[in-house]
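Asker: What follows is the file entry.txt, containing compact mmCIF, C-alpha atoms:
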```
# COMPACT_ATOMS: atom_id res chain seq x y z
CA MET N 25 0.00 0.00 0.00
CA ASP N 26 1.09 3.58 -0.64
CA LYS N 27 2.35 5.41 2.43
CA LEU N 28 -0.15 8.10 3.40
CA ASP N 29 0.82 11.71 4.06
CA GLN N 30 -0.01 11.87 7.78
CA ALA N 31 -0.14 15.68 7.92
CA TYR N 32 -2.67 15.82 5.08
CA LEU N 33 -4.66 12.94 6.62
CA THR N 34 -4.78 14.75 9.97
CA ASP N 35 -6.13 17.87 8.26
CA LEU N 36 -8.86 15.76 6.60
CA VAL N 37 -9.83 14.36 10.03
CA ARG N 38 -10.15 17.87 11.49
CA ARG N 39 -12.20 19.16 8.55
CA SER N 40 -14.42 16.05 8.69
CA SER N 41 -15.12 16.60 12.39
CA GLN N 42 -16.25 20.14 11.51
CA GLY N 43 -18.91 18.79 9.13
CA GLY N 44 -17.03 18.67 5.82
CA SER N 45 -18.61 15.88 3.73
CA ASN N 46 -16.05 16.26 0.93
CA ALA N 47 -13.21 16.03 3.45
CA PHE N 48 -14.68 12.84 4.96
CA ALA N 49 -15.25 11.39 1.48
CA GLU N 50 -11.56 11.93 0.71
CA LEU N 51 -10.61 10.51 4.12
CA PHE N 52 -12.80 7.45 3.45
CA THR N 53 -11.23 6.96 0.01
CA ALA N 54 -7.70 7.25 1.40
CA THR N 55 -8.17 4.76 4.27
CA GLN N 56 -10.88 2.28 3.25
CA ALA N 57 -8.43 -0.25 1.75
CA ARG N 58 -6.50 -0.40 5.06
CA VAL N 59 -9.70 -0.69 7.11
CA CYS N 60 -10.96 -3.50 4.83
CA ARG N 61 -7.64 -5.32 5.15
CA TYR N 62 -7.92 -5.14 8.93
CA LEU N 63 -11.57 -6.23 8.89
CA GLY N 64 -10.47 -9.32 6.95
CA SER N 65 -8.57 -10.46 10.07
CA LEU N 66 -11.68 -10.34 12.27
CA PRO N 67 -14.47 -12.92 12.56
CA LEU N 68 -17.13 -10.92 10.71
CA THR N 69 -20.75 -11.99 11.05
CA GLY N 70 -21.80 -10.43 7.73
CA ASP N 71 -20.33 -9.21 4.45
CA LEU N 72 -17.30 -6.90 4.21
CA PRO N 73 -19.16 -3.82 2.78
CA GLY N 74 -21.65 -4.04 5.65
CA ALA N 75 -18.84 -4.21 8.19
CA LEU N 76 -17.06 -1.27 6.52
CA ARG N 77 -20.28 0.75 6.67
CA ALA N 78 -20.72 -0.02 10.38
CA VAL N 79 -17.12 0.88 11.27
CA MET N 80 -16.87 4.10 9.23
CA GLY N 81 -20.36 5.16 10.32
CA ARG N 82 -19.40 4.72 13.96
CA ALA N 83 -16.17 6.61 13.32
CA LEU N 84 -17.94 9.55 11.66
CA GLN N 85 -20.55 9.76 14.43
CA SER N 86 -17.92 9.89 17.19
CA LEU N 87 -15.16 11.75 15.30
CA SER N 88 -15.35 14.69 17.70
CA SER N 89 -14.25 12.37 20.54
CA LEU N 90 -10.92 11.57 18.83
CA THR N 91 -8.43 13.60 20.86
CA ASP N 92 -5.40 12.95 18.61
CA ALA N 93 -6.22 13.29 14.91
CA ASP N 94 -2.82 11.74 14.04
CA LEU N 95 -4.11 8.40 15.39
CA PHE N 96 -7.14 8.15 13.11
CA LEU N 97 -6.25 4.75 11.61
CA PRO N 98 -5.39 3.06 14.96
CA TRP N 99 -8.63 4.53 16.33
CA VAL N 100 -10.74 3.21 13.44
CA CYS N 101 -9.11 -0.23 13.73
CA ARG N 102 -9.95 -0.15 17.43
CA ILE N 103 -13.60 0.54 16.56
CA ALA N 104 -13.53 -2.44 14.19
CA PHE N 105 -11.98 -4.66 16.89
CA ARG N 106 -14.62 -3.65 19.44
CA LEU N 107 -17.44 -4.34 16.95
CA PHE N 108 -16.20 -7.62 15.46
CA GLY N 109 -13.21 -8.80 17.50
CA PRO N 110 -12.94 -11.79 19.88
CA SER N 111 -13.99 -11.80 23.53
CA ARG N 112 -12.09 -9.47 25.82
CA SER N 113 -11.63 -12.29 28.32
CA GLU N 114 -9.40 -14.25 25.93
CA THR N 115 -5.73 -14.39 26.87
CA VAL N 116 -2.72 -13.84 24.69
CA GLU N 117 1.06 -14.22 24.97
CA THR N 118 2.97 -10.92 24.80
CA PRO N 119 6.65 -9.98 25.48
CA ALA N 120 5.45 -9.02 28.98
CA GLY N 121 3.88 -12.43 29.60
CA THR N 122 0.35 -13.79 29.41
CA THR N 123 -2.37 -11.17 29.64
CA THR N 124 -5.98 -10.64 28.60
CA ILE N 125 -7.28 -8.71 25.63
CA GLU N 126 -9.21 -6.56 28.11
CA ARG N 127 -5.94 -5.47 29.70
CA LEU N 128 -4.42 -4.62 26.31
CA LEU N 129 -7.42 -2.44 25.52
CA HIS N 130 -6.64 -0.23 28.53
CA LEU N 131 -3.19 0.73 27.26
CA PRO N 132 -2.64 4.02 25.35
CA LEU N 133 -4.27 3.76 21.92
CA ALA N 134 -1.24 3.38 19.63
CA GLU N 135 0.56 0.93 21.94
CA SER N 136 -2.62 -1.04 22.57
CA GLN N 137 -3.52 -1.42 18.88
CA VAL N 138 0.02 -2.42 17.90
CA LEU N 139 0.15 -5.11 20.62
CA LEU N 140 -3.29 -6.42 19.67
CA MET N 141 -2.34 -6.74 16.02
CA ARG N 142 1.11 -8.19 16.71
CA PHE N 143 0.30 -10.74 19.40
CA ALA N 144 -3.48 -11.25 19.48
CA GLN N 145 -4.01 -11.25 15.73
CA GLY N 146 -0.67 -12.42 14.32
CA PHE N 147 0.25 -9.46 12.11
CA SER N 148 3.92 -8.92 11.34
CA GLN N 149 5.63 -5.62 12.18
CA SER N 150 5.55 -4.53 8.53
CA GLU N 151 1.85 -5.46 8.13
CA THR N 152 0.98 -3.59 11.33
CA GLY N 153 2.84 -0.47 10.19
CA ASP N 154 1.30 -0.70 6.72
CA ILE N 155 -2.29 -0.85 8.00
CA LEU N 156 -1.83 1.77 10.75
CA ASN N 157 0.35 4.03 8.53
CA LEU N 158 3.16 3.89 11.11
CA SER N 159 6.87 3.66 10.39
CA PRO N 160 8.72 0.43 11.37
CA GLY N 161 10.60 2.36 14.05
CA LEU N 162 7.37 3.69 15.55
CA VAL N 163 5.82 0.19 15.57
CA ARG N 164 8.85 -1.12 17.50
CA ARG N 165 8.66 1.83 19.91
CA CYS N 166 4.96 1.14 20.57
CA GLU N 167 5.82 -2.49 21.33
CA ARG N 168 8.53 -1.45 23.80
CA MET N 169 6.32 1.13 25.53
CA GLY N 170 3.41 -1.29 25.69
CA LYS N 171 5.65 -3.92 27.27
CA LYS N 172 6.81 -1.38 29.91
CA HIS N 173 3.22 -0.45 30.74
CA LEU N 174 2.24 -4.10 31.10
CA LEU N 175 5.23 -4.89 33.34
CA ARG N 176 4.64 -1.80 35.48
CA ASP N 177 1.56 -3.41 37.01
CA THR N 178 2.05 -7.12 37.62
CA ALA N 179 -0.77 -7.51 40.13
CA ASP N 180 -3.28 -8.37 37.43
CA GLU N 181 -0.96 -10.68 35.55
CA VAL N 182 -2.74 -13.71 34.18
CA PRO N 183 -1.31 -17.08 35.19
CA PRO N 184 0.24 -19.04 32.32
CA GLY N 185 -1.89 -21.54 30.52
CA GLY N 186 -4.94 -21.31 28.33
CA ALA N 187 -3.64 -18.40 26.28
CA ALA N 188 -5.02 -18.11 22.76
CA SER N 189 -2.26 -18.22 20.17
CA ALA N 190 -2.06 -15.65 17.37
CA GLY N 191 -2.91 -18.33 14.86
CA GLN N 192 -6.10 -19.20 16.75
CA THR N 193 -7.19 -15.63 17.32
CA ARG N 194 -6.69 -14.19 13.86
CA ARG N 195 -8.70 -15.31 10.86
CA ARG N 196 -6.02 -15.53 8.18
CA ALA N 197 -8.29 -15.21 5.11
CA GLU N 198 -7.50 -12.02 3.21
CA ALA N 199 -10.52 -9.81 2.52
CA GLN N 200 -11.55 -9.09 -1.06
CA LEU N 201 -11.55 -5.28 -1.30
CA PRO N 202 -14.84 -3.72 -2.47
CA ASP N 203 -14.85 -2.48 -6.05
CA ALA N 204 -15.12 1.24 -6.79
CA LEU N 205 -18.93 1.17 -7.17
CA THR N 206 -19.45 -0.74 -3.91
CA ALA N 207 -17.09 1.60 -2.04
CA ALA N 208 -19.00 4.61 -3.41
CA MET N 209 -22.30 3.09 -2.24
CA VAL N 210 -20.87 2.42 1.24
CA LEU N 211 -19.66 6.06 1.44
CA GLU N 212 -23.11 7.33 0.43
CA GLN N 213 -24.77 5.08 3.07
CA VAL N 214 -22.36 6.21 5.81
CA LEU N 215 -23.04 9.90 5.12
CA GLU N 216 -26.80 9.23 5.02
CA ASP N 217 -26.69 7.17 8.25
CA CYS N 218 -24.92 10.06 10.02
CA GLY N 219 -27.24 12.76 8.66
CA ARG N 220 -24.47 14.40 6.63
CA GLU N 221 -24.81 16.02 3.22
CA GLN N 222 -23.57 13.88 0.34
CA ASN N 223 -20.14 14.72 -1.05
CA THR N 224 -20.13 16.89 -4.18
CA VAL N 225 -16.83 15.57 -5.55
CA PRO N 226 -17.37 12.36 -7.59
CA THR N 227 -15.75 9.30 -6.02
CA GLU N 228 -13.87 8.54 -9.23
CA ALA N 229 -12.22 11.94 -8.89
CA LEU N 230 -11.41 11.28 -5.23
CA ALA N 231 -9.78 7.97 -6.18
CA SER N 232 -7.46 9.87 -8.52
CA TYR N 233 -6.37 12.33 -5.80
CA THR N 234 -2.71 11.97 -4.85
CA LEU N 235 -2.40 14.63 -2.15
CA TYR N 236 -2.89 12.11 0.68
CA ARG N 237 -0.22 9.77 -0.71
CA LYS N 238 3.23 10.02 0.77
CA GLU N 239 5.05 9.80 -2.53
CA ARG N 240 3.21 12.91 -3.78
CA PHE N 241 4.21 14.70 -0.60
CA SER N 242 7.83 13.66 -1.14
CA LEU N 243 7.66 14.96 -4.70
CA GLN N 244 6.33 18.29 -3.46
CA ARG N 245 9.20 18.57 -0.96
CA GLY N 246 11.65 17.85 -3.77
CA VAL N 247 10.09 20.52 -5.93
CA LEU N 248 10.23 22.95 -3.00
CA ALA N 249 13.93 22.20 -2.52
CA ALA N 250 14.51 22.82 -6.23
CA ALA N 251 12.60 26.11 -5.94
CA LEU N 252 14.83 27.19 -3.06
CA ALA N 253 17.88 26.34 -5.16
CA MET N 254 16.51 28.59 -7.90
CA PHE N 255 15.88 31.38 -5.41
CA PHE N 256 19.10 33.07 -6.48
CA LEU N 257 17.87 33.27 -10.04
CA LEU N 258 16.07 36.52 -9.35
CA PRO N 259 14.11 36.84 -12.62
CA LEU N 260 12.29 33.58 -11.93
CA LEU N 261 10.79 35.04 -8.75
CA PHE N 262 8.56 37.31 -10.84
CA VAL N 263 7.27 34.81 -13.40
CA LEU N 264 3.44 34.92 -13.51
CA PRO N 265 1.27 31.91 -14.30
CA LYS N 266 -0.38 31.73 -17.72
CA TYR N 267 -3.53 29.71 -18.13
CA ASP N 268 -6.82 29.43 -20.02
CA ILE N 269 -10.31 28.63 -18.75
CA SER N 270 -12.70 26.92 -21.16
CA ALA N 271 -16.24 25.56 -20.82
CA GLU N 272 -16.73 21.88 -21.66
CA PRO N 273 -19.95 19.92 -22.35
CA LEU N 274 -22.13 19.15 -19.34
CA GLY N 275 -20.66 16.48 -17.06
CA ALA N 276 -22.24 13.22 -15.91
CA ARG N 277 -24.10 14.98 -13.07
CA GLY N 278 -25.58 17.58 -15.40
CA LEU N 279 -23.24 20.30 -14.18
CA PRO N 280 -21.12 22.48 -16.47
CA VAL N 281 -17.43 21.57 -16.49
CA TYR N 282 -14.73 24.22 -16.74
CA THR N 283 -11.20 23.16 -17.69
CA ILE N 284 -8.15 25.12 -16.53
CA ARG N 285 -5.05 24.58 -18.69
CA VAL N 286 -1.86 26.02 -17.24
CA ARG N 287 0.87 26.71 -19.79
CA PRO N 288 4.39 25.52 -18.89
CA SER N 289 6.50 27.87 -16.80
CA LEU N 290 7.37 27.15 -13.16
CA PRO N 291 5.83 24.29 -11.13
CA ILE N 292 2.28 24.93 -9.93
CA GLY N 293 1.78 25.75 -6.26
CA SER N 294 -2.01 25.61 -6.10
CA VAL N 295 -5.18 25.98 -8.14
CA THR N 296 -8.32 27.16 -6.33
CA ALA N 297 -11.81 28.17 -7.43
CA GLU N 298 -14.80 29.81 -5.81
CA ILE N 299 -18.21 31.12 -6.82
CA ARG N 300 -20.04 33.73 -4.75
CA GLY N 301 -17.61 33.23 -1.88
CA ARG N 302 -18.04 29.44 -1.74
CA ALA N 303 -14.96 27.30 -2.45
CA LEU N 304 -15.33 24.62 -5.12
CA PRO N 305 -13.35 21.37 -5.36
CA VAL N 306 -10.68 21.44 -8.06
CA TYR N 307 -9.17 18.15 -9.17
CA GLU N 308 -6.27 17.38 -11.43
CA ALA N 309 -7.42 15.80 -14.70
CA SER N 310 -3.91 15.41 -16.15
CA ALA N 311 -0.56 17.18 -16.07
CA ARG N 312 -1.20 20.94 -15.73
CA VAL N 313 -4.89 20.45 -16.56
CA PHE N 314 -7.51 20.93 -13.84
CA SER N 315 -11.32 20.67 -13.80
CA VAL N 316 -14.03 22.30 -11.71
CA GLU N 317 -17.82 21.82 -11.71
CA PRO N 318 -19.74 24.92 -10.52
CA THR N 319 -22.94 24.11 -8.63
CA ARG N 320 -24.51 27.55 -9.04
CA ASN N 321 -24.58 30.43 -11.50
CA GLY N 322 -22.48 33.54 -11.06
CA PRO N 323 -18.86 34.71 -11.40
CA LEU N 324 -16.47 31.74 -11.20
CA THR N 325 -13.13 33.00 -9.84
CA VAL N 326 -10.03 30.88 -10.49
CA THR N 327 -6.67 31.53 -8.83
CA VAL N 328 -3.50 29.85 -10.10
CA GLN N 329 -0.40 30.25 -7.97
CA LEU N 330 3.07 29.10 -9.01
CA ILE N 331 5.67 27.77 -6.62
CA ASN N 332 7.31 31.24 -6.61
CA ARG N 333 4.06 32.51 -4.96
CA GLN N 334 3.16 34.63 -7.98
CA SER N 335 -0.56 34.24 -8.75
CA VAL N 336 -3.09 35.38 -11.34
CA ILE N 337 -6.85 35.61 -10.73
CA ARG N 338 -9.37 35.33 -13.54
CA SER N 339 -13.15 35.16 -13.63
CA VAL N 340 -15.72 33.74 -16.03
CA THR N 341 -19.48 34.01 -15.79
CA VAL N 342 -21.34 30.74 -15.22
CA SER N 343 -24.90 30.84 -16.51
CA ASP N 344 -25.73 27.28 -17.61
CA VAL N 345 -26.24 25.67 -14.18
CA ASP N 346 -29.85 24.55 -13.89
CA SER N 347 -31.20 26.76 -11.09
CA GLU N 348 -34.93 26.17 -11.62
CA GLY N 349 -36.81 23.35 -9.95
CA PRO N 350 -39.54 21.17 -11.48
CA VAL N 351 -42.90 22.76 -12.31
CA LEU N 352 -46.40 21.45 -11.55
CA GLU N 353 -48.34 21.30 -14.81
CA GLY N 354 -51.60 20.04 -13.34
CA SER N 355 -53.25 17.51 -11.04
CA LEU N 356 -56.12 15.03 -11.13
CA VAL N 357 -58.04 13.47 -8.23
CA GLU N 358 -59.94 10.26 -8.95
CA SER N 359 -60.50 6.76 -7.56
CA GLY N 360 -58.88 7.57 -4.22
CA THR N 361 -55.63 8.80 -5.80
CA VAL N 362 -53.91 12.08 -6.64
CA LEU N 363 -52.14 12.27 -10.00
CA LEU N 364 -49.56 15.05 -10.40
CA TYR N 365 -48.31 16.23 -13.79
CA VAL N 366 -44.79 17.72 -13.56
CA SER N 367 -42.06 18.87 -15.91
CA ASP N 368 -38.54 20.28 -15.73
CA ALA N 369 -36.98 22.36 -18.50
CA GLY N 370 -33.47 21.82 -17.17
CA ILE N 371 -31.72 18.66 -16.04
CA GLY N 372 -34.92 16.68 -15.48
CA VAL N 373 -37.09 15.41 -12.61
CA ASP N 374 -35.48 12.89 -10.26
CA TYR N 375 -38.51 10.61 -9.90
CA ALA N 376 -36.61 8.15 -7.69
CA ASP N 377 -36.37 10.75 -4.88
CA VAL N 378 -39.98 12.01 -4.92
CA TYR N 379 -41.72 11.70 -1.53
CA ALA N 380 -44.36 13.25 0.71
CA VAL N 381 -44.43 13.98 4.45
CA ASN N 382 -47.61 13.89 6.52
CA ALA N 383 -48.41 15.93 9.62
CA SER N 384 -46.76 13.28 11.82
CA GLY N 385 -43.47 13.55 9.92
CA GLU N 386 -43.90 10.15 8.27
CA ARG N 387 -42.25 9.81 4.86
CA ILE N 388 -44.63 8.54 2.14
CA LEU N 389 -43.52 7.30 -1.27
CA PRO N 390 -45.66 7.54 -4.43
CA ILE N 391 -47.56 4.53 -5.75
CA SER N 392 -45.88 4.93 -9.12
CA THR N 393 -44.08 7.40 -11.38
CA ASP N 394 -43.88 7.66 -15.16
CA ALA N 395 -40.94 9.68 -16.46
CA ASP N 396 -42.18 9.51 -20.07
CA ALA N 397 -45.62 10.85 -19.18
CA GLY N 398 -44.31 13.17 -16.45
CA THR N 399 -46.71 11.83 -13.83
CA ILE N 400 -46.53 10.97 -10.13
CA LEU N 401 -49.32 8.96 -8.49
CA PHE N 402 -50.06 9.10 -4.73
CA ASP N 403 -52.85 7.60 -2.62
CA TYR N 404 -55.38 10.30 -1.74
CA PRO N 405 -54.22 11.73 1.63
CA LYS N 406 -56.32 11.56 4.76
CA GLU N 407 -54.53 14.58 6.20
CA ASN N 408 -52.48 17.52 4.97
CA TRP N 409 -49.29 16.55 3.10
CA ASP N 410 -46.13 18.26 1.93
CA VAL N 411 -44.84 16.83 -1.36
CA TYR N 412 -41.18 17.23 -2.42
CA ILE N 413 -40.19 16.77 -6.07
CA PRO N 414 -36.44 17.30 -6.81
CA ASP N 415 -34.45 17.46 -10.02
CA TYR N 416 -31.09 15.77 -10.47
CA ILE N 417 -29.10 18.77 -9.24
CA GLY N 418 -31.06 19.36 -6.04
CA ASN N 419 -33.54 22.06 -7.08
CA LEU N 420 -36.83 21.33 -5.36
CA LEU N 421 -40.54 21.73 -6.08
CA HIS N 422 -42.46 21.86 -2.76
CA LEU N 423 -46.21 21.28 -2.93
CA SER N 424 -48.72 21.44 -0.05
CA ILE N 425 -51.81 19.25 -0.29
CA THR N 426 -54.42 20.73 2.05
CA LEU N 427 -57.69 18.96 2.75
CA THR N 428 -60.73 21.22 2.87
```
Go ahead and express the file in the form of structure tokens.
Answerer:
Amino acid sequence: MDKLDQAYLTDLVRRSSQGGSNAFAELFTATQARVCRYLGSLPLTGDLPGALRAVMGRALQSLSSLTDADLFLPWVCRIAFRLFGPSRSETVETPAGTTTIERLLHLPLAESQVLLMRFAQGFSQSETGDILNLSPGLVRRCERMGKKHLLRDTADEVPPGGAASAGQTRRRAEAQLPDALTAAMVLEQVLEDCGREQNTVPTEALASYTLYRKERFSLQRGVLAAALAMFFLLPLLFVLPKYDISAEPLGARGLPVYTIRVRPSLPIGSVTAEIRGRALPVYEASARVFSVEPTRNGPLTVTVQLINRQSVIRSVTVSDVDSEGPVLEGSLVESGTVLLYVSDAGIGVDYADVYAVNASGERILPISTDADAGTILFDYPKENWDVYIPDYIGNLLHLSITLT
């Protein structure tokens, strides 16, 4: 597995705890392979995607309780162990002697998780460091510190005999990682379970991100060192970025796509975009080519900054985002049903997400929908209803059915 950039990962954890769905989506994408690999060592009672959903959902719900954002992966693995791991009363052989899993769980988080994986689950030092994104030296240090903590209190030491071996405790079968579509569905379910907004950056774009990978971080440090070496070449300090912004055909989500092509000069420091004061995700499509999908109309402001900190700001006017919701064309009441005729001149009605809410807050789905005819059929209500009819970009038609 690629080594993760811990500083970038820690920043994602902090932004996720503040409610950032895009930040959590990127955090999920960066770590889900490691979490799945660890889940494969536990005696799961269901399928792997279901276990991943349970673990990441629990993590997102209690993210604010994580006191050290640097320990996100050990913390998530601990959640998985508590949900699907063996009994805490089982014993295990450690460098400090025979002890119980319960006692290991009371050690400091990093030391505890390393000892669990090494001696209760049979992971090697390299496997443990790979899954927890810890260096080999740090894994060895956690083992030493954990041993000291266990030896410090010998009163609760478990008598020898009956200890579960690593081979018995760990299920050795390697987990089959979820494919990209399954992982995207699990992410959507986790955000929905936790009452969070869905991420606006497509998962295929998140999978192509390299910022959280250690090798990208190393490359950036190398480029920075090269920039410092060029510091004495004074003219280069005042080179401005040159780039073009062009509109592309509508993307898969029905949003306009704007492509930013930066012409070769110095290495790029950053590319950012915002519209009406709201930052938009910018992802790298290829070398020196970036894409952004505005979600509203207005002036799209793009800032390109080179590694010499010289930047240029340009704006284009976005006017082709569908900002109008569906329209009610008519209605018909007959045979104990209400038939609604709707249309949408923009991206189209999202019939799959049509629903009504009664006075008790109960969610009611239509009997049927017909996209070709533009109709939605509900049972005739026995009380006042609010009906919500969205389009594919989130514009909403809100109807009130009032009984007289």
Asker: When you count all atoms listed in the file, which of these residues is closest to N:Ala311: N:Leu131, N:Val378, N:Val59, N:Ile284?
Answerer: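 Using all atoms listed in the file, N:Ala311 sits closest to N:Ile284.
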Asker: Where does stretch 73-125 of chain N meet stretch 198-221 of chain N within 12 Å, residue by residue, with the nearest atom pair and distance in Å to one decimal for each, counting all atoms listed in the file, listed by chain and rising number, as JSON lines?
Answerer:
```
{"residue": "N:Pro73", "atom": "CA", "partner": "N:Val210", "partner_atom": "CA", "distance": 6.7}
{"residue": "N:Gly74", "atom": "CA", "partner": "N:Val210", "partner_atom": "CA", "distance": 7.9}
{"residue": "N:Ala75", "atom": "CA", "partner": "N:Val210", "partner_atom": "CA", "distance": 9.8}
{"residue": "N:Leu76", "atom": "CA", "partner": "N:Val210", "partner_atom": "CA", "distance": 7.5}
{"residue": "N:Arg77", "atom": "CA", "partner": "N:Val210", "partner_atom": "CA", "distance": 5.7}
{"residue": "N:Ala78", "atom": "CA", "partner": "N:Val214", "partner_atom": "CA", "distance": 7.9}
{"residue": "N:Val79", "atom": "CA", "partner": "N:Val214", "partner_atom": "CA", "distance": 9.3}
{"residue": "N:Met80", "atom": "CA", "partner": "N:Val214", "partner_atom": "CA", "distance": 6.8}
{"residue": "N:Gly81", "atom": "CA", "partner": "N:Val214", "partner_atom": "CA", "distance": 5.0}
{"residue": "N:Arg82", "atom": "CA", "partner": "N:Cys218", "partner_atom": "CA", "distance": 8.6}
{"residue": "N:Ala83", "atom": "CA", "partner": "N:Val214", "partner_atom": "CA", "distance": 9.7}
{"residue": "N:Leu84", "atom": "CA", "partner": "N:Cys218", "partner_atom": "CA", "distance": 7.2}
{"residue": "N:Gln85", "atom": "CA", "partner": "N:Cys218", "partner_atom": "CA", "distance": 6.2}
{"residue": "N:Ser86", "atom": "CA", "partner": "N:Cys218", "partner_atom": "CA", "distance": 10.0}
{"residue": "N:Leu87", "atom": "CA", "partner": "N:Cys218", "partner_atom": "CA", "distance": 11.2}
```
Asker: Here's a test: counting all atoms listed in the file, identify every protein, DNA and RNA residue with an atom at most 10 Å from (3.2, -1.4, 29.1) in the file's coordinate frame, and state them as a PyMOL selection string.
Answerer: chain N and resi 119-120+128+130-132+135-136+139+166-177
Asker: Which of these, N:Leu330, N:Val281, N:Leu68, N:Cys101, has the shortest distance to N:Ala309 once you count all atoms listed in the file?
Answerer: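 Closest residue, counting all atoms listed in the file: N:Val281.
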Asker: Just to confirm, what's the straight-line distance from atom CA of N:Tyr62 to atom CA of N:Asp92 in Å (one decimal)?
Answerer: 20.7 Å
